[in-house]
Structure formats: structure tokens, C-alpha cells
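Next comes upload_8.pdb, with PDB, C-alpha atoms, pLDDT in the B column.
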ATOM      1  CA  MET A   1       0.000   0.000   0.000  1.00 41.00           C
ATOM      2  CA  LYS A   2       1.400   3.319  -1.053  1.00 44.00           C
ATOM      3  CA  LYS A   3       1.938   5.936   1.598  1.00 47.00           C
ATOM      4  CA  LYS A   4      -0.455   8.850   1.201  1.00 48.00           C
ATOM      5  CA  TRP A   5       0.928  12.320   0.806  1.00 48.00           C
ATOM      6  CA  PRO A   6       0.126  14.552   3.812  1.00 65.00           C
ATOM      7  CA  ILE A   7      -2.191  16.772   1.776  1.00 70.00           C
ATOM      8  CA  LEU A   8      -3.534  18.760   4.732  1.00 70.00           C
ATOM      9  CA  GLU A   9      -0.061  19.507   6.122  1.00 73.00           C
ATOM     10  CA  ILE A  10       1.243  20.563   2.717  1.00 76.00           C
ATOM     11  CA  GLY A  11      -1.789  22.778   2.130  1.00 75.00           C
ATOM     12  CA  ILE A  12      -1.448  24.460   5.510  1.00 76.00           C
ATOM     13  CA  SER A  13       2.290  25.009   5.028  1.00 76.00           C
ATOM     14  CA  VAL A  14       1.759  26.519   1.575  1.00 79.00           C
ATOM     15  CA  LEU A  15      -0.995  28.792   2.913  1.00 79.00           C
ATOM     16  CA  LEU A  16       1.200  30.066   5.752  1.00 78.00           C
ATOM     17  CA  ILE A  17       4.127  30.649   3.398  1.00 78.00           C
ATOM     18  CA  VAL A  18       1.939  32.591   0.954  1.00 79.00           C
ATOM     19  CA  ILE A  19       0.549  34.748   3.786  1.00 80.00           C
ATOM     20  CA  THR A  20       4.075  35.403   5.036  1.00 75.00           C
ATOM     21  CA  PHE A  21       5.242  36.264   1.518  1.00 75.00           C
ATOM     22  CA  ALA A  22       2.410  38.780   1.085  1.00 74.00           C
ATOM     23  CA  ILE A  23       2.830  40.388   4.517  1.00 74.00           C
ATOM     24  CA  MET A  24       6.554  40.885   3.899  1.00 69.00           C
ATOM     25  CA  ASN A  25       5.714  42.687   0.647  1.00 68.00           C
ATOM     26  CA  TYR A  26       6.928  39.918  -1.705  1.00 71.00           C
ATOM     27  CA  PRO A  27      10.680  39.796  -0.998  1.00 71.00           C
ATOM     28  CA  ILE A  28      12.258  38.338  -4.151  1.00 71.00           C
ATOM     29  CA  ASN A  29      15.709  39.916  -4.033  1.00 68.00           C
ATOM     30  CA  ILE A  30      18.003  37.155  -2.747  1.00 68.00           C
ATOM     31  CA  THR A  31      20.615  39.725  -1.689  1.00 61.00           C
ATOM     32  CA  SER A  32      18.233  41.469   0.722  1.00 62.00           C
ATOM     33  CA  LEU A  33      17.782  40.795   4.422  1.00 65.00           C
ATOM     34  CA  GLU A  34      14.003  40.507   3.937  1.00 69.00           C
ATOM     35  CA  PHE A  35      14.371  37.577   1.511  1.00 74.00           C
ATOM     36  CA  TRP A  36      16.468  35.463   3.881  1.00 74.00           C
ATOM     37  CA  LEU A  37      14.229  36.371   6.802  1.00 77.00           C
ATOM     38  CA  PHE A  38      11.285  35.119   4.718  1.00 76.00           C
ATOM     39  CA  ILE A  39      13.142  31.836   3.995  1.00 80.00           C
ATOM     40  CA  MET A  40      13.816  31.311   7.706  1.00 80.00           C
ATOM     41  CA  LEU A  41      10.197  32.013   8.638  1.00 78.00           C
ATOM     42  CA  ALA A  42       8.892  29.704   5.884  1.00 79.00           C
ATOM     43  CA  PHE A  43      11.185  26.906   7.112  1.00 80.00           C
ATOM     44  CA  PHE A  44      10.035  27.484  10.679  1.00 81.00           C
ATOM     45  CA  GLU A  45       6.374  27.364   9.619  1.00 77.00           C
ATOM     46  CA  CYS A  46       6.857  24.021   7.868  1.00 78.00           C
ATOM     47  CA  ILE A  47       8.572  22.542  10.914  1.00 80.00           C
ATOM     48  CA  VAL A  48       5.772  23.718  13.229  1.00 79.00           C
ATOM     49  CA  VAL A  49       3.088  22.233  10.964  1.00 77.00           C
ATOM     50  CA  VAL A  50       4.924  18.887  10.774  1.00 77.00           C
ATOM     51  CA  LEU A  51       5.470  18.727  14.537  1.00 77.00           C
ATOM     52  CA  ILE A  52       1.840  19.511  15.293  1.00 77.00           C
ATOM     53  CA  SER A  53       0.701  16.920  12.761  1.00 73.00           C
ATOM     54  CA  LYS A  54       2.940  14.215  14.258  1.00 72.00           C
ATOM     55  CA  LEU A  55       1.790  15.077  17.767  1.00 70.00           C
ATOM     56  CA  ILE A  56      -1.864  14.725  16.805  1.00 67.00           C
ATOM     57  CA  LYS A  57      -1.245  11.459  14.921  1.00 67.00           C
ATOM     58  CA  LYS A  58       0.632  10.061  17.899  1.00 64.00           C
ATOM     59  CA  LYS A  59      -2.271  10.796  20.210  1.00 61.00           C
ATOM     60  CA  ARG A  60      -4.686   9.341  17.694  1.00 58.00           C
ATOM     61  CA  LYS A  61      -2.888   5.976  17.714  1.00 59.00           C
ATOM     62  CA  LYS A  62      -3.150   5.699  21.482  1.00 54.00           C
ATOM     63  CA  LYS A  63      -6.914   6.016  21.447  1.00 53.00           C
ATOM     64  CA  LYS A  64      -9.682   4.105  19.788  1.00 50.00           C
ATOM     65  CA  ILE A  65     -10.501   5.965  16.635  1.00 53.00           C
ATOM     66  CA  ASP A  66     -14.148   6.872  16.232  1.00 58.00           C
ATOM     67  CA  LYS A  67     -16.066   9.580  14.455  1.00 61.00           C
ATOM     68  CA  LYS A  68     -16.416  11.914  17.434  1.00 62.00           C
ATOM     69  CA  TYR A  69     -12.727  11.626  18.281  1.00 61.00           C
ATOM     70  CA  LEU A  70     -11.738  12.477  14.722  1.00 62.00           C
ATOM     71  CA  GLU A  71     -14.011  15.500  14.763  1.00 65.00           C
ATOM     72  CA  HIS A  72     -12.471  16.625  18.033  1.00 65.00           C
ATOM     73  CA  VAL A  73      -8.943  16.183  16.652  1.00 64.00           C
ATOM     74  CA  ASN A  74      -9.772  18.141  13.507  1.00 67.00           C
ATOM     75  CA  GLN A  75     -11.329  20.956  15.523  1.00 70.00           C
ATOM     76  CA  THR A  76      -8.300  21.077  17.814  1.00 72.00           C
ATOM     77  CA  LYS A  77      -5.989  21.171  14.817  1.00 70.00           C
ATOM     78  CA  LEU A  78      -7.930  24.021  13.221  1.00 73.00           C
ATOM     79  CA  ILE A  79      -7.908  26.026  16.453  1.00 74.00           C
ATOM     80  CA  ILE A  80      -4.154  25.554  16.878  1.00 74.00           C
ATOM     81  CA  ILE A  81      -3.503  26.548  13.269  1.00 73.00           C
ATOM     82  CA  PHE A  82      -5.761  29.595  13.590  1.00 73.00           C
ATOM     83  CA  VAL A  83      -4.047  30.791  16.780  1.00 72.00           C
ATOM     84  CA  LEU A  84      -0.578  30.222  15.321  1.00 74.00           C
ATOM     85  CA  SER A  85      -1.572  32.081  12.159  1.00 72.00           C
ATOM     86  CA  ILE A  86      -2.723  35.100  14.159  1.00 74.00           C
ATOM     87  CA  ILE A  87       0.482  35.114  16.214  1.00 73.00           C
ATOM     88  CA  LEU A  88       2.528  34.759  13.038  1.00 72.00           C
ATOM     89  CA  VAL A  89       0.720  37.632  11.319  1.00 73.00           C
ATOM     90  CA  ILE A  90       1.267  39.903  14.339  1.00 72.00           C
ATOM     91  CA  VAL A  91       4.962  39.010  14.579  1.00 72.00           C
ATOM     92  CA  LEU A  92       5.450  39.468  10.837  1.00 71.00           C
ATOM     93  CA  SER A  93       3.712  42.836  10.916  1.00 71.00           C
ATOM     94  CA  ILE A  94       6.006  44.017  13.703  1.00 69.00           C
ATOM     95  CA  ILE A  95       9.101  42.723  11.890  1.00 70.00           C
ATOM     96  CA  ARG A  96       7.995  44.314   8.622  1.00 70.00           C
ATOM     97  CA  ASN A  97       7.411  47.686  10.299  1.00 69.00           C
ATOM     98  CA  ILE A  98      10.866  47.528  11.867  1.00 65.00           C
ATOM     99  CA  LEU A  99      12.485  46.649   8.527  1.00 66.00           C
ATOM    100  CA  VAL A 100      10.608  49.428   6.737  1.00 68.00           C
ATOM    101  CA  ASP A 101      11.612  51.999   9.365  1.00 63.00           C
ATOM    102  CA  VAL A 102      15.248  50.911   9.257  1.00 60.00           C
ATOM    103  CA  SER A 103      15.265  50.945   5.447  1.00 61.00           C
ATOM    104  CA  ARG A 104      13.731  54.434   5.334  1.00 62.00           C
ATOM    105  CA  ALA A 105      16.174  55.647   7.955  1.00 57.00           C
ATOM    106  CA  LYS A 106      19.116  54.634   5.773  1.00 53.00           C
ATOM    107  CA  ASN A 107      17.841  56.658   2.835  1.00 54.00           C
ATOM    108  CA  ILE A 108      15.974  59.732   4.033  1.00 53.00           C
ATOM    109  CA  TYR A 109      17.437  60.910   7.331  1.00 53.00           C
ATOM    110  CA  PRO A 110      19.768  63.829   6.489  1.00 56.00           C
ATOM    111  CA  GLU A 111      22.941  64.083   8.514  1.00 55.00           C
ATOM    112  CA  ASP A 112      23.057  67.857   8.664  1.00 54.00           C
ATOM    113  CA  SER A 113      19.390  68.664   9.310  1.00 53.00           C
ATOM    114  CA  GLU A 114      20.095  70.964  12.231  1.00 65.00           C
ATOM    115  CA  ASP A 115      17.623  73.655  11.111  1.00 73.00           C
ATOM    116  CA  PHE A 116      14.073  73.060   9.974  1.00 72.00           C
ATOM    117  CA  ALA A 117      12.514  75.626   7.627  1.00 74.00           C
ATOM    118  CA  TYR A 118       8.916  76.412   8.582  1.00 74.00           C
ATOM    119  CA  TYR A 119       6.558  78.824   6.837  1.00 71.00           C
ATOM    120  CA  VAL A 120       4.426  81.227   8.858  1.00 69.00           C
ATOM    121  CA  ASP A 121       2.420  84.027   7.225  1.00 68.00           C
ATOM    122  CA  GLU A 122       4.405  83.637   3.992  1.00 72.00           C
ATOM    123  CA  GLN A 123       7.680  84.032   5.890  1.00 78.00           C
ATOM    124  CA  THR A 124      10.352  81.398   6.447  1.00 84.00           C
ATOM    125  CA  ILE A 125      11.595  80.788   9.972  1.00 87.00           C
ATOM    126  CA  LEU A 126      14.322  78.386  11.015  1.00 87.00           C
ATOM    127  CA  ILE A 127      13.778  76.020  13.938  1.00 90.00           C
ATOM    128  CA  PRO A 128      16.833  74.112  15.230  1.00 90.00           C
ATOM    129  CA  ILE A 129      16.283  70.370  15.640  1.00 89.00           C
ATOM    130  CA  PRO A 130      18.559  67.372  16.340  1.00 87.00           C
ATOM    131  CA  SER A 131      20.392  66.044  13.299  1.00 83.00           C
ATOM    132  CA  TYR A 132      19.076  62.929  11.502  1.00 81.00           C
ATOM    133  CA  SER A 133      15.500  64.145  12.004  1.00 83.00           C
ATOM    134  CA  VAL A 134      12.658  64.134   9.491  1.00 82.00           C
ATOM    135  CA  TYR A 135       9.601  66.372   9.621  1.00 84.00           C
ATOM    136  CA  LEU A 136       6.298  64.450   9.681  1.00 84.00           C
ATOM    137  CA  GLY A 137       3.801  67.284   9.805  1.00 85.00           C
ATOM    138  CA  THR A 138       2.080  69.839  12.012  1.00 85.00           C
ATOM    139  CA  SER A 139      -1.159  69.222  13.883  1.00 84.00           C
ATOM    140  CA  TRP A 140      -3.541  71.967  15.018  1.00 80.00           C
ATOM    141  CA  GLY A 141      -1.047  74.553  13.793  1.00 76.00           C
ATOM    142  CA  GLU A 142       1.147  74.152  16.855  1.00 86.00           C
ATOM    143  CA  LEU A 143       2.363  70.550  17.243  1.00 90.00           C
ATOM    144  CA  MET A 144       5.381  69.837  15.008  1.00 90.00           C
ATOM    145  CA  GLN A 145       6.189  66.141  14.739  1.00 91.00           C
ATOM    146  CA  PHE A 146       9.525  64.571  13.774  1.00 90.00           C
ATOM    147  CA  ASN A 147      11.046  61.102  13.433  1.00 86.00           C
ATOM    148  CA  SER A 148      14.616  60.219  14.327  1.00 84.00           C
ATOM    149  CA  PRO A 149      16.655  56.985  14.478  1.00 80.00           C
ATOM    150  CA  LYS A 150      18.519  58.344  17.507  1.00 83.00           C
ATOM    151  CA  ASN A 151      18.173  56.976  21.012  1.00 84.00           C
ATOM    152  CA  ALA A 152      15.362  58.622  23.021  1.00 87.00           C
ATOM    153  CA  ASN A 153      17.709  59.744  25.799  1.00 89.00           C
ATOM    154  CA  GLN A 154      20.068  61.235  23.243  1.00 88.00           C
ATOM    155  CA  LEU A 155      17.178  63.120  21.641  1.00 91.00           C
ATOM    156  CA  LYS A 156      16.119  64.544  25.006  1.00 93.00           C
ATOM    157  CA  GLU A 157      19.668  65.676  25.730  1.00 91.00           C
ATOM    158  CA  GLU A 158      20.110  67.309  22.314  1.00 90.00           C
ATOM    159  CA  ILE A 159      16.749  69.072  22.489  1.00 93.00           C
ATOM    160  CA  GLU A 160      17.561  70.391  25.961  1.00 93.00           C
ATOM    161  CA  ASN A 161      20.908  71.682  24.689  1.00 91.00           C
ATOM    162  CA  ILE A 162      19.188  73.355  21.733  1.00 91.00           C
ATOM    163  CA  LEU A 163      16.499  75.044  23.821  1.00 93.00           C
ATOM    164  CA  ASN A 164      18.978  76.207  26.467  1.00 92.00           C
ATOM    165  CA  SER A 165      21.425  77.622  23.907  1.00 91.00           C
ATOM    166  CA  ASP A 166      21.879  81.273  22.949  1.00 90.00           C
ATOM    167  CA  THR A 167      19.338  80.782  20.151  1.00 90.00           C
ATOM    168  CA  PHE A 168      16.491  81.042  22.661  1.00 93.00           C
ATOM    169  CA  ILE A 169      15.536  83.237  25.584  1.00 92.00           C
ATOM    170  CA  LYS A 170      14.207  81.124  28.423  1.00 93.00           C
ATOM    171  CA  TYR A 171      11.105  82.255  30.336  1.00 92.00           C
ATOM    172  CA  GLU A 172       9.848  80.525  33.471  1.00 90.00           C
ATOM    173  CA  THR A 173       6.059  80.614  33.456  1.00 88.00           C
ATOM    174  CA  GLU A 174       3.296  79.004  35.509  1.00 86.00           C
ATOM    175  CA  PHE A 175       2.848  76.502  32.669  1.00 86.00           C
ATOM    176  CA  GLY A 176       6.526  75.548  32.527  1.00 89.00           C
ATOM    177  CA  ASP A 177       9.596  76.823  30.690  1.00 92.00           C
ATOM    178  CA  TYR A 178       9.013  78.708  27.420  1.00 94.00           C
ATOM    179  CA  TYR A 179      11.803  79.270  24.886  1.00 95.00           C
ATOM    180  CA  TYR A 180      11.539  82.378  22.727  1.00 94.00           C
ATOM    181  CA  ASN A 181      13.504  82.924  19.503  1.00 93.00           C
ATOM    182  CA  SER A 182      13.758  86.678  19.009  1.00 91.00           C
ATOM    183  CA  GLU A 183      15.353  86.434  15.552  1.00 90.00           C
ATOM    184  CA  TYR A 184      12.347  84.714  13.979  1.00 90.00           C
ATOM    185  CA  ASP A 185       9.766  85.692  16.617  1.00 90.00           C
ATOM    186  CA  TYR A 186       8.400  82.327  17.735  1.00 92.00           C
ATOM    187  CA  THR A 187       8.234  80.345  20.980  1.00 93.00           C
ATOM    188  CA  ILE A 188       8.720  76.679  21.806  1.00 94.00           C
ATOM    189  CA  THR A 189       6.379  76.065  24.734  1.00 93.00           C
ATOM    190  CA  GLY A 190       7.260  72.414  25.227  1.00 93.00           C
ATOM    191  CA  TYR A 191       8.420  69.149  23.677  1.00 95.00           C
ATOM    192  CA  ASP A 192       7.920  65.396  24.020  1.00 94.00           C
ATOM    193  CA  VAL A 193      10.048  62.381  23.047  1.00 94.00           C
ATOM    194  CA  TYR A 194       8.509  59.002  22.249  1.00 91.00           C
ATOM    195  CA  GLU A 195      10.228  55.624  21.969  1.00 85.00           C
ATOM    196  CA  GLY A 196       9.314  53.364  19.032  1.00 76.00           C
ATOM    197  CA  LEU A 197      10.288  49.841  18.003  1.00 67.00           C
ATOM    198  CA  ALA A 198      13.090  50.977  15.716  1.00 67.00           C
ATOM    199  CA  ILE A 199      12.567  54.689  15.092  1.00 78.00           C
ATOM    200  CA  ASN A 200      11.867  57.215  17.835  1.00 86.00           C
ATOM    201  CA  SER A 201       9.927  60.444  17.500  1.00 90.00           C
ATOM    202  CA  PHE A 202       9.652  63.843  19.128  1.00 93.00           C
ATOM    203  CA  ASN A 203       7.537  66.959  18.813  1.00 94.00           C
ATOM    204  CA  TYR A 204       7.754  70.663  19.460  1.00 94.00           C
ATOM    205  CA  VAL A 205       4.817  72.687  20.730  1.00 93.00           C
ATOM    206  CA  PHE A 206       5.106  75.824  18.611  1.00 91.00           C
ATOM    207  CA  CYS A 207       3.670  79.287  19.166  1.00 90.00           C
ATOM    208  CA  ASN A 208       4.055  82.253  16.830  1.00 88.00           C
ATOM    209  CA  GLY A 209       5.383  85.342  18.609  1.00 89.00           C
ATOM    210  CA  ASN A 210       6.510  85.695  22.211  1.00 90.00           C
ATOM    211  CA  CYS A 211       3.911  83.567  23.962  1.00 88.00           C
ATOM    212  CA  ALA A 212       5.584  83.948  27.345  1.00 79.00           C
ATOM    213  CA  GLU A 213       4.433  87.584  27.509  1.00 75.00           C
ATOM    214  CA  MET A 214       0.886  86.967  26.283  1.00 68.00           C
TER     215      MET A 214
END

The structure given in the file should be rewritten as C-alpha cells.
Amino acid sequence: MKKKWPILEIGISVLLIVITFAIMNYPINITSLEFWLFIMLAFFECIVVVLISKLIKKKRKKKKIDKKYLEHVNQTKLIIIFVLSIILVIVLSIIRNILVDVSRAKNIYPEDSEDFAYYVDEQTILIPIPSYSVYLGTSWGELMQFNSPKNANQLKEEIENILNSDTFIKYETEFGDYYYNSEYDYTITGYDVYEGLAINSFNYVFCNGNCAEM
């Protein structure tokens, strides 16, 4: 009697590999890190499917096989596969986001971006920021957001050095320290630094004019 091919295991393995391939944005360049990461994950998925299949078959041999038992085994197998698929998708999404951030960081973060040009009332003002920072946008006309591959503690230190330099006049107010730039007539009323998986971010709270005296 010929040995049957494990159709279910092969189908599940192929499905997982295809999902992984799609989530990782179809890595086909064999010289890239993403391609070899995909190969490792695909190999791991096949091993997991085979191990689970053998474990279920081993338990099946120890018990008397009947219809209800087979239904229970199939349900258990489907639940395990479903849970593993969800975990795999989450892990792959996190890995993909990290790889995308790292890839973008290599290409778009300028080394000498120590001044950010911002337009207010058709005039250009310069706002000093840490190097290797990229402008993301401004919310509500006052919250300037930036990304940076630098360590969060390093960003905090550099921002503190910038705000406490001769570029700004420091005012102590009831709402905290305000930093006024008299050359371009604007005030930084605060900042925040956020830690990400691979890329960190920070923002400036911006106010046009000398807000410390308002």
C-alpha cells in the first residue's frame, strides 16, 4: 500500500508561506535581508506544521478511533492553526514595520538637518532640531512632529541643549519653561520624546510670537 501524501499539512504550510510572503511585501531579491528572513520564517512554519501533525497522529494511535474523536482532533488542529496564524501575522507585521523603518532611515534621514525651515504668514523661519530628524507634519497649527533613528535619551539631551542655547531666551512661566527665539519671533512652549520599536519620534509645541508675555 502506497503511503499517502500529507495533503492537509502541505496545504497548511503553503498557505502560511503565501501569507508570510504577502505580509513581507513579496521579498524576491536574494541579496536582501528581507528575503532570507522570509526563507527562515517559511522553514520554521513548515517545521511547526509537521510537529503539530505528528503530535496529533501520535495521540490518535493511542486512542480508539471513532467519528467523534476524529471531529475533536480536527477541531483542535484548526484552532491551533488559527491561533498560530494570528500570532505569526502579528509578529510578521512588527518585523515588517521595523524593517521598513530601518530601510527608510538609511535613505531619508539627512545628517546635517540641524535647522528646519517652517513657513508662517508667507515668511520662512528656522527652527533648530537634532540632526538625523525628518519632519512628519504639524497638527492643530502648533504641534510639530519629527522622526529620528537616535536613542530617546540622546534626543532629550540634544533638544535640551538646543532650547537652552543662545538661540532662545528662556522664560519661566506658571505653565513651565518657554523658549523664545527673538530672531524669527516664535516660541517653543514644550516638547515630548517618544520611543518606538526601531525609530523614535519627538515633537515641538510651537507658538508664533513671544507667547511667554501673552

**Request:** In Å, rounded to a single decimal, give me how far CA of Tyr204 in chain A is from CA of Trp140 in chain A.
**Result:**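 Calculated distance between CA of Trp140 in chain A and CA of Tyr204 in chain A is 12.2 Å.
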
**Message:** I need the residue nearest Ala212 in chain A from this list: A:Phe175, A:Val193, A:Ile199, A:Val50. Use all atoms listed in the file for the distance.
**Reply:**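 Comparing A:Phe175, A:Val193, A:Ile199, A:Val50 against Ala212 in chain A, the winner is A:Phe175.
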
**Request:** With a distance cut-off of 12 Å and only C-alpha atoms, select the neighbouring residues of Ile188 in chain A, excluding the residue or stretch itself and same-chain residues fewer than 6 positions from it, and output the selection as a ChimeraX atom specification.
**Result:** /A:127-129,142-144,159-160,162-164,167-171,176-182,203-212

Emit the selected residues as a tab-separated table (two decimals), keeping the file's coordinate frame, including C-alpha atoms.
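Contents of selection.tsv, freshly written:
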chain	number	residue	atom	x	y	z
A	127	ILE	CA	13.78	76.02	13.94
A	128	PRO	CA	16.83	74.11	15.23
A	129	ILE	CA	16.28	70.37	15.64
A	142	GLU	CA	1.15	74.15	16.86
A	143	LEU	CA	2.36	70.55	17.24
A	144	MET	CA	5.38	69.84	15.01
A	159	ILE	CA	16.75	69.07	22.49
A	160	GLU	CA	17.56	70.39	25.96
A	162	ILE	CA	19.19	73.36	21.73
A	163	LEU	CA	16.50	75.04	23.82
A	164	ASN	CA	18.98	76.21	26.47
A	167	THR	CA	19.34	80.78	20.15
A	168	PHE	CA	16.49	81.04	22.66
A	169	ILE	CA	15.54	83.24	25.58
A	170	LYS	CA	14.21	81.12	28.42
A	171	TYR	CA	11.10	82.26	30.34
A	176	GLY	CA	6.53	75.55	32.53
A	177	ASP	CA	9.60	76.82	30.69
A	178	TYR	CA	9.01	78.71	27.42
A	179	TYR	CA	11.80	79.27	24.89
A	180	TYR	CA	11.54	82.38	22.73
A	181	ASN	CA	13.50	82.92	19.50
A	182	SER	CA	13.76	86.68	19.01
A	203	ASN	CA	7.54	66.96	18.81
A	204	TYR	CA	7.75	70.66	19.46
A	205	VAL	CA	4.82	72.69	20.73
A	206	PHE	CA	5.11	75.82	18.61
A	207	CYS	CA	3.67	79.29	19.17
A	208	ASN	CA	4.06	82.25	16.83
A	209	GLY	CA	5.38	85.34	18.61
A	210	ASN	CA	6.51	85.70	22.21
A	211	CYS	CA	3.91	83.57	23.96
A	212	ALA	CA	5.58	83.95	27.34

**Item:** Point-to-point distance in Å for CA of Ser148 in chain A and CA of Asp185 in chain A
**Value:** 26.0 Å

**Prompt:** What is the CA of Leu84 in chain A to CA of Leu37 in chain A distance in Å?
**Reply:** 18.2 Å

**Item:** Given all atoms listed in the file as the counted atoms, nearest of A:Leu136, A:Glu45, A:Gln75, A:Tyr184 to Gln123 in chain A
**Value:**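 Looking at the shortest contact to Gln123 in chain A, the residue is A:Tyr184.
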
**Request:** Check which residues satisfy the PyMOL selection byres ((chain A and resi 5-18) around 7) in the file shown, then give them as a PyMOL selection string.
**Result:** chain A and resi 3-4+19-22+42+45-46+49-50

**Message:** Using only C-alpha atoms, which protein or nucleic acid residues come within 9 Å of range 154-156 of chain A? Drop anything in the same chain fewer than 5 positions from it, and give the result as number ranges by chain.
**Reply:** A: 130, 148, 161, 192-193, 200-202

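You can rank A:Ile52, A:Leu126, A:Leu41, A:Ala117 by their closest distance to Val91 in chain A using all atoms listed in the file, and at the top of that list sits A:Leu41.
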
**Prompt:** Pick from A:Glu195, A:Phe116, A:Leu92, A:Met40: nearest to Ala152 in chain A, with all atoms listed in the file counted?
**Reply:**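 Of A:Glu195, A:Phe116, A:Leu92, A:Met40, the one nearest Ala152 in chain A, counting all atoms listed in the file, is A:Glu195.
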
**Message:** Could you check the closest approach to Arg96 in chain A for each of A:Ile39, A:Val83, A:Val134, A:Ile23 and tell me which residue wins, using only C-alpha atoms?
**Reply:**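 Of A:Ile39, A:Val83, A:Val134, A:Ile23, the one nearest Arg96 in chain A is A:Ile23, counting only C-alpha atoms.
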
**Prompt:** Using all atoms listed in the file, which of A:Ile125, A:Asn151, A:Tyr118, A:Leu51 sits nearest Gly137 in chain A?
**Reply:**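 Looking only at the distances to Gly137 in chain A, the closest residue turns out to be A:Tyr118.
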